[in-house]
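S.K.: Below: one structure in structure tokens.
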Amino acid sequence: MTYAFPPGGLPDQTVSPESTAVFTDAYAVIPASVQRDIVTSLLPGWVNTRAWVLARPLTGFAETFAQYAVELAPKGGSDTPEPDAQAQAVLFVATGRARLTLDGQGYDLVAGSYAYIPPAAKWTLWNTGDMPCGLHWVRKRYVPVDGLDAPEAFVTHDDAVAPIAMPDTDGAWATQRFADPGDLRHDMHVNIVTFQPGGRIPFAETHVMEHGLYVIQGTADYLLNRDWVPVGAGDFMWLRAFCPQACIATGQEPFRYLLYKDVNRHMPLSL
């Protein structure tokens, strides 16, 4: 299994700047073609590391999360990766190898590895290979609830989590849920959604959850608000609450994306 990651580099002067990149008041599309070297950020506390910041809280848009694509050069990483003690995280490795130390326990991560890191956890991450390691990092401030402890950390792999088919789809639409959806301790889910060629969301989902969707494989036509947008591996979609959405998988291979959504909490009644 391969997983898309930003291509970096820089197109030459013969390439047209036209693209499918768009930012609206309901959604944004950041295609792989614009995820280039000159738009990366360096992060305090990290060495030999660069990041594509694909989503960050914006007042009046999507406000609950940040999402990065992080590239660790050989020997790159951090002993102090997270500056916010209230932040939880999911790491999903797309390419290369890394060593995660989480509350004193070590884990060797490879492509397809998935880690949930609760707030206030002590963790480090270092590239242990001879090639760059690319990973997706989703960050959200945890919203505590009286009587509920924060979730425990866990590390797993894409291959270890069985997809669950949506009802009446014969497996054409399935979701790998890495956290138990009935566990109210979790206030965010980061899942992998898979559509077989021709599979679809057969209605325009319109709901309160914000989304970050990074396409890790395949192609689709995706409905965003009122617009049908062709998307493919490496493209990122960023949706605010209540943006209508649907998709139809195209091509000859499965269409898969890493999906963030905020869940399991009351809505705050003040801004």
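In the structure tokens, each chain is lettered A, B, ... as it comes, each chain's residues begin at 1, and ligands are numbered from 1 in order of appearance.
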Please identify all polymer residues within 12 Å of Thr95 in chain A, counting only C-alpha atoms, omitting same-chain residues fewer than 5 positions from it, and present them as a ChimeraX atom specification.
M.R.: /A:1-7,69-73,109-113,127,129-136,216
S.K.: Could you pull the residues within 6 Å of Ala153 in chain A, counting only C-alpha atoms, minus those fewer than 4 positions along the same chain, as an MDAnalysis selection string?
M.R.: chainID A and resid 116:118
S.K.: For range 192-209 of chain A, find every residue with an atom within 7 Å (counting only C-alpha atoms), except residues of its own chain fewer than 4 positions away, and show them as an MDAnalysis selection string.
M.R.: chainID A and resid 172:176 241:259 261:263
S.K.: Could you tell me how far CA of Tyr27 in chain A lies from CA of Arg139 in chain A, in Å and to one decimal?
M.R.: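 We find that CA of Tyr27 in chain A and CA of Arg139 in chain A lie 19.1 Å from each other.
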S.K.: Hey, can you check how far CA of Val47 in chain A sits from CA of Ala94 in chain A?
M.R.: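 Result for CA of Val47 in chain A versus CA of Ala94 in chain A: 19.4 Å, one decimal.
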S.K.: Please compute the CA of Ala85 in chain A-CA of Tyr260 in chain A distance, one decimal, in Å.
M.R.: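 Result for CA of Ala85 in chain A versus CA of Tyr260 in chain A: 20.3 Å, one decimal.
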S.K.: Please return as a PDB file with C-alpha atoms, in the first residue's frame: the residues of range 100-256 of chain A that backbone DSSP assigns to strand (DSSP E).
M.R.:
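selection_25.pdb was written with the following content:
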ATOM      1  CA  LEU A 100       7.973   7.394  18.296  1.00  0.00           C
ATOM      2  CA  THR A 101       8.548   7.447  22.052  1.00  0.00           C
ATOM      3  CA  LEU A 102       5.261   7.942  23.877  1.00  0.00           C
ATOM      4  CA  GLN A 105       7.228   3.403  25.384  1.00  0.00           C
ATOM      5  CA  GLY A 106       8.973   3.145  22.021  1.00  0.00           C
ATOM      6  CA  TYR A 107       7.295   2.361  18.685  1.00  0.00           C
ATOM      7  CA  ASP A 108       8.834   1.852  15.246  1.00  0.00           C
ATOM      8  CA  LEU A 109       6.570   3.523  12.689  1.00  0.00           C
ATOM      9  CA  SER A 113       1.319   3.419  11.048  1.00  0.00           C
ATOM     10  CA  TYR A 114      -1.257   5.380  13.076  1.00  0.00           C
ATOM     11  CA  ALA A 115      -0.743   6.881  16.541  1.00  0.00           C
ATOM     12  CA  TYR A 116      -3.214   8.652  18.821  1.00  0.00           C
ATOM     13  CA  ILE A 117      -1.506  10.967  21.330  1.00  0.00           C
ATOM     14  CA  TRP A 123       6.418  12.147  23.236  1.00  0.00           C
ATOM     15  CA  THR A 124       9.325  12.386  20.821  1.00  0.00           C
ATOM     16  CA  LEU A 125       9.637  11.542  17.141  1.00  0.00           C
ATOM     17  CA  TRP A 126      12.761  10.945  15.047  1.00  0.00           C
ATOM     18  CA  ASN A 127      13.436   9.687  11.533  1.00  0.00           C
ATOM     19  CA  CYS A 133       9.876  10.300   6.464  1.00  0.00           C
ATOM     20  CA  GLY A 134       6.543  11.916   5.570  1.00  0.00           C
ATOM     21  CA  LEU A 135       3.634  11.920   7.993  1.00  0.00           C
ATOM     22  CA  HIS A 136       0.285  13.591   8.493  1.00  0.00           C
ATOM     23  CA  TRP A 137      -0.196  15.341  11.853  1.00  0.00           C
ATOM     24  CA  VAL A 138      -3.668  16.391  13.032  1.00  0.00           C
ATOM     25  CA  ARG A 139      -3.830  18.586  16.170  1.00  0.00           C
ATOM     26  CA  LYS A 140      -6.880  19.560  18.219  1.00  0.00           C
ATOM     27  CA  ARG A 141      -7.274  21.027  21.693  1.00  0.00           C
ATOM     28  CA  PHE A 154      -2.495   3.891  21.218  1.00  0.00           C
ATOM     29  CA  VAL A 155      -0.460   2.920  18.157  1.00  0.00           C
ATOM     30  CA  THR A 156      -1.766   0.705  15.367  1.00  0.00           C
ATOM     31  CA  HIS A 157      -1.543   0.271  11.586  1.00  0.00           C
ATOM     32  CA  ILE A 164     -16.610  -1.490   8.154  1.00  0.00           C
ATOM     33  CA  ALA A 165     -18.957  -1.252   5.191  1.00  0.00           C
ATOM     34  CA  TRP A 173     -18.169   2.552   0.818  1.00  0.00           C
ATOM     35  CA  ALA A 174     -16.350   1.591   4.000  1.00  0.00           C
ATOM     36  CA  THR A 175     -14.675   3.288   6.966  1.00  0.00           C
ATOM     37  CA  GLN A 176     -11.768   2.267   9.178  1.00  0.00           C
ATOM     38  CA  MET A 188     -12.194  13.896  17.480  1.00  0.00           C
ATOM     39  CA  HIS A 189     -11.976  11.020  15.040  1.00  0.00           C
ATOM     40  CA  VAL A 190      -9.366  10.585  12.335  1.00  0.00           C
ATOM     41  CA  ASN A 191     -10.500   7.711  10.109  1.00  0.00           C
ATOM     42  CA  ILE A 192      -9.700   6.305   6.685  1.00  0.00           C
ATOM     43  CA  VAL A 193     -12.643   6.254   4.289  1.00  0.00           C
ATOM     44  CA  THR A 194     -12.497   4.019   1.203  1.00  0.00           C
ATOM     45  CA  PHE A 195     -14.696   3.943  -1.908  1.00  0.00           C
ATOM     46  CA  HIS A 211     -13.487  18.178   8.119  1.00  0.00           C
ATOM     47  CA  GLY A 212      -9.968  17.855   6.856  1.00  0.00           C
ATOM     48  CA  LEU A 213      -9.698  15.285   4.034  1.00  0.00           C
ATOM     49  CA  TYR A 214      -6.295  14.288   2.668  1.00  0.00           C
ATOM     50  CA  VAL A 215      -6.587  11.986  -0.345  1.00  0.00           C
ATOM     51  CA  ILE A 216      -4.085   9.164   0.133  1.00  0.00           C
ATOM     52  CA  GLN A 217      -5.037   7.115  -2.966  1.00  0.00           C
ATOM     53  CA  THR A 219      -9.479   9.810  -7.685  1.00  0.00           C
ATOM     54  CA  ALA A 220     -13.040  11.076  -7.317  1.00  0.00           C
ATOM     55  CA  ASP A 221     -15.464  13.787  -8.229  1.00  0.00           C
ATOM     56  CA  TYR A 222     -16.245  15.539  -4.926  1.00  0.00           C
ATOM     57  CA  LEU A 223     -19.236  17.758  -4.200  1.00  0.00           C
ATOM     58  CA  LEU A 224     -18.210  20.747  -2.095  1.00  0.00           C
ATOM     59  CA  ASP A 227     -19.396  22.648  -6.824  1.00  0.00           C
ATOM     60  CA  TRP A 228     -18.230  19.305  -8.211  1.00  0.00           C
ATOM     61  CA  VAL A 229     -14.439  19.225  -7.995  1.00  0.00           C
ATOM     62  CA  PRO A 230     -12.145  16.489  -9.408  1.00  0.00           C
ATOM     63  CA  VAL A 231      -9.644  15.379  -6.746  1.00  0.00           C
ATOM     64  CA  GLY A 232      -6.816  12.880  -6.620  1.00  0.00           C
ATOM     65  CA  PHE A 236      -6.447  18.235   0.553  1.00  0.00           C
ATOM     66  CA  MET A 237     -10.008  19.416   1.207  1.00  0.00           C
ATOM     67  CA  TRP A 238     -10.928  21.625   4.149  1.00  0.00           C
ATOM     68  CA  LEU A 239     -14.627  21.965   5.029  1.00  0.00           C
ATOM     69  CA  GLN A 245     -20.511  17.215   0.575  1.00  0.00           C
ATOM     70  CA  ALA A 246     -20.694  14.010  -1.455  1.00  0.00           C
ATOM     71  CA  CYS A 247     -18.441  12.067  -3.806  1.00  0.00           C
ATOM     72  CA  ILE A 248     -18.292   9.554  -6.645  1.00  0.00           C
ATOM     73  CA  ALA A 249     -15.099   7.486  -6.916  1.00  0.00           C
ATOM     74  CA  THR A 250     -13.578   7.450 -10.404  1.00  0.00           C
ATOM     75  CA  PHE A 255     -10.420   6.170  -3.569  1.00  0.00           C
ATOM     76  CA  ARG A 256      -9.166   6.616   0.011  1.00  0.00           C
TER      77      ARG A 256
END
S.K.: Rank A:Thr80, A:Thr24, A:Ser19, A:Gln13 by their smallest atom-to-atom distance to Asn225 in chain A, using only C-alpha atoms, and report the top residue only.
M.R.: A:Thr24
S.K.: Residues of range 28-260 of chain A in helix (DSSP H, G or I) according to DSSP, as a list in words?
M.R.: Ala32, Ser33, Val34, Asp37, Ile38, Val39, Asp158, Asp159 and Ala160 of chain A
S.K.: Name the closest residue to Met267 in chain A among the candidates A:Arg36, A:Pro167, A:Val143, A:Thr20; distances are taken between atoms, counting only C-alpha atoms.
M.R.: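 Among A:Arg36, A:Pro167, A:Val143, A:Thr20, it is A:Val143 that comes nearest to Met267 in chain A.
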